[in-house]
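Here the structure is laid out as structure tokens; the discussion comes afterwards.
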Amino acid sequence: MSARSRLVVLISGSGSNLQAVMDACRTGQINAQVTAVLSNKASAFGLERARTVGIPALAVVKPRELDRRLYDQRLADQVASFQPDWVVLAGWMRLLSSAFLDRFPGKVINLHPALPGTFPGVNAIEQAYQAFQQGQITHTGVMVHLVPDEGIDCGPCLGQVVVGMVKGDSLSAVEERIHAAEHALLVTVLQKLTSSGMQ
Ligand code: GRF
């Protein structure tokens with residue numbers, strides 16, 4: 001078994017996807033270790049999840065007046081200090097500029113709760129739910145993609161899963177189904193990335 005890959009995970013909220021990744025690393029399902037968790041929100045519960053298992057957890061909050069690229073540069077400095085093989089955006093809610101992305105070429109992946117080419121940006125689940133209600137789509141899904149540049153949720157796809165919706169579904173039922181699909185897909189993609197010698 002090759003050396004475990006080093007994952008740095010960025011979050012903004014509850015961190016249920018982070019939890020899935022930490023659990024899979026602990027059981028050996030993913031040949032990797034989460035070496036740090038960073039959040040742009042000091043209140044993100046995901047930071048608590050990391051601290052509970054002794055993983056360094058940092059809040060890197062952007063001061064309102066701080067230039068966006070300067071923030072991204074400082075964030076990248078912090079992330080780089082943990083020597084990541086992969087930077088995993090799991091429920092990370094800020095757009096990252098090239099000041100961050102260019103520091104980790106080919107190594108930043110993002111989880112997005114929609115299929116490639118559909119519903120980029122925030123509220124993707126709600127947008128899909130509305131579209132289904134209006135008969136515009138029959139299903140939605142989730143994807144994990146590379147983040148090579150500042151494009152929003154549109155980098156090369158590493159994995160995707162279709163998530164069905166049926167008449168009468170509540171939004172929360174669809175959200176629950178999508179989050180379960182996210183947890184499974186993120187683990188599956190990281191298994192591939194960390195076992196195929198891609199580091
Ligand atoms: C997930 O749907 C993620 O894709 C989205 O935010 C939600 C929060 O996920 N960006 P988590 O529980 O914080 O991992």
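All residue names refer to the structure tokens as shown: chains lettered A, B, ... in order, residues numbered from 1 in each chain, ligands numbered from 1 in order.
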message = Taking only C-alpha atoms and all ligand atoms and a cut-off of 7 Å, can you tell me which residues surround ligand 1, written as a PyMOL selection string?
response = chain A and resi 11-18+46+90-93+111-113+179+182
Output N, CA and C atoms of each residue in that selection to a file, as an mmCIF file, in the first residue's frame.
```
data_model
loop_
_atom_site.group_PDB
_atom_site.id
_atom_site.type_symbol
_atom_site.label_atom_id
_atom_site.label_comp_id
_atom_site.auth_asym_id
_atom_site.auth_seq_id
_atom_site.Cartn_x
_atom_site.Cartn_y
_atom_site.Cartn_z
ATOM 1 N N ILE A 11 -14.273 23.800 4.118
ATOM 2 C CA ILE A 11 -15.724 23.723 4.369
ATOM 3 C C ILE A 11 -16.273 25.105 4.707
ATOM 4 N N SER A 12 -17.595 25.200 4.683
ATOM 5 C CA SER A 12 -18.217 26.452 5.143
ATOM 6 C C SER A 12 -19.361 26.204 6.113
ATOM 7 N N GLY A 13 -19.732 24.900 6.245
ATOM 8 C CA GLY A 13 -20.941 24.650 7.037
ATOM 9 C C GLY A 13 -20.848 23.425 7.917
ATOM 10 N N SER A 14 -21.875 22.567 7.835
ATOM 11 C CA SER A 14 -22.024 21.465 8.805
ATOM 12 C C SER A 14 -20.911 20.414 8.652
ATOM 13 N N GLY A 15 -20.380 20.261 7.427
ATOM 14 C CA GLY A 15 -19.268 19.322 7.277
ATOM 15 C C GLY A 15 -19.680 17.868 7.219
ATOM 16 N N SER A 16 -20.900 17.582 6.782
ATOM 17 C CA SER A 16 -21.308 16.162 6.686
ATOM 18 C C SER A 16 -20.495 15.447 5.611
ATOM 19 N N ASN A 17 -20.086 16.156 4.571
ATOM 20 C CA ASN A 17 -19.220 15.541 3.552
ATOM 21 C C ASN A 17 -17.820 15.325 4.113
ATOM 22 N N LEU A 18 -17.343 16.287 4.888
ATOM 23 C CA LEU A 18 -16.049 16.126 5.579
ATOM 24 C C LEU A 18 -16.103 14.885 6.466
ATOM 25 N N GLY A 46 -18.369 21.871 10.987
ATOM 26 C CA GLY A 46 -17.341 20.961 10.469
ATOM 27 C C GLY A 46 -16.007 21.119 11.179
ATOM 28 N N ALA A 90 -15.425 20.830 0.104
ATOM 29 C CA ALA A 90 -16.595 20.027 0.474
ATOM 30 C C ALA A 90 -17.585 20.910 1.219
ATOM 31 N N GLY A 91 -18.513 21.495 0.471
ATOM 32 C CA GLY A 91 -19.433 22.426 1.106
ATOM 33 C C GLY A 91 -18.733 23.745 1.370
ATOM 34 N N TRP A 92 -17.796 24.094 0.478
ATOM 35 C CA TRP A 92 -17.060 25.369 0.550
ATOM 36 C C TRP A 92 -17.836 26.383 -0.278
ATOM 37 N N MET A 93 -18.182 27.515 0.338
ATOM 38 C CA MET A 93 -19.133 28.402 -0.323
ATOM 39 C C MET A 93 -18.530 29.709 -0.836
ATOM 40 N N LEU A 111 -16.972 19.479 -4.813
ATOM 41 C CA LEU A 111 -18.229 18.720 -4.816
ATOM 42 C C LEU A 111 -19.356 19.695 -5.090
ATOM 43 N N HIS A 112 -20.209 19.353 -6.056
ATOM 44 C CA HIS A 112 -21.325 20.268 -6.335
ATOM 45 C C HIS A 112 -22.610 19.453 -6.462
ATOM 46 N N PRO A 113 -23.673 19.882 -5.795
ATOM 47 C CA PRO A 113 -24.904 19.094 -5.796
ATOM 48 C C PRO A 113 -25.787 19.319 -7.035
ATOM 49 N N HIS A 179 -27.660 14.675 -0.417
ATOM 50 C CA HIS A 179 -26.524 14.654 0.516
ATOM 51 C C HIS A 179 -25.975 13.240 0.663
ATOM 52 N N GLU A 182 -23.919 12.640 -2.301
ATOM 53 C CA GLU A 182 -22.655 13.390 -2.219
ATOM 54 C C GLU A 182 -21.630 12.624 -1.390
#
```
inquiry  = I'd like to know which residues of segment 104-139 of chain A are strand (DSSP E or B) (by DSSP, run on the backbone); could you write them as number ranges by chain?
reply    = A: 108-112, 139
inquiry  = For a quick check of understanding, using only C-alpha atoms, which of A:Val144, A:Ala57, A:Val187, A:Met22 has the smallest distance to Gln78 of chain A?
reply    = A:Ala57
task = Just the helix (DSSP H, G or I) stuff from segment 20-94 of chain A, please, per backbone DSSP, written as a list in words.
result =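 Restricting segment 20-94 of chain A to helix (DSSP H, G or I) produces Ala20, Val21, Met22, Asp23, Ala24, Cys25, Arg26, Phe45, Gly46, Leu47, Glu48, Arg49, Ala50, Arg51, Thr52, Arg68, Arg69, Leu70, Tyr71, Asp72, Gln73, Arg74, Leu75, Ala76, Asp77, Gln78, Val79 and Ala80 of chain A.
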query = Could you pull the residues within 7 Å of segment 41-43 of chain A, counting only C-alpha atoms, minus those fewer than 2 positions along the same chain, as a ChimeraX atom specification?
reply = /A:12,39,45,59,61
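Candidate residues A:Val34, A:Leu66, A:Val79, A:Ala181 were compared for distance to Ser5 of chain A, and the nearest is A:Val34, using only C-alpha atoms.
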task = Determine, counting only C-alpha atoms, which protein, DNA and RNA residues have an atom within 12 Å of an atom of Val87 of chain A; residues of the same chain fewer than 4 positions away are not included. Present the result as a count of residues only.
result = 38
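Comparing A:Leu70, A:Val60, A:Val161, A:Ala124 by their smallest distance to Ala99 of chain A, the closest is A:Leu70 (using only C-alpha atoms).
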message = Measuring between only C-alpha atoms, which one of A:Arg64, A:Ser170, A:Asn40, A:Gln19 shows the shortest distance to Thr52 of chain A?
response = A:Gln19
message = Between atom CA of Thr27 of chain A and atom CA of Arg51 of chain A, what distance in Å does the model show, to one decimal?
response =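 The value is 18.2 Å.
Across the structure, atom CA of Ala32 of chain A and atom CA of Trp86 of chain A are spaced 9.7 Å apart.
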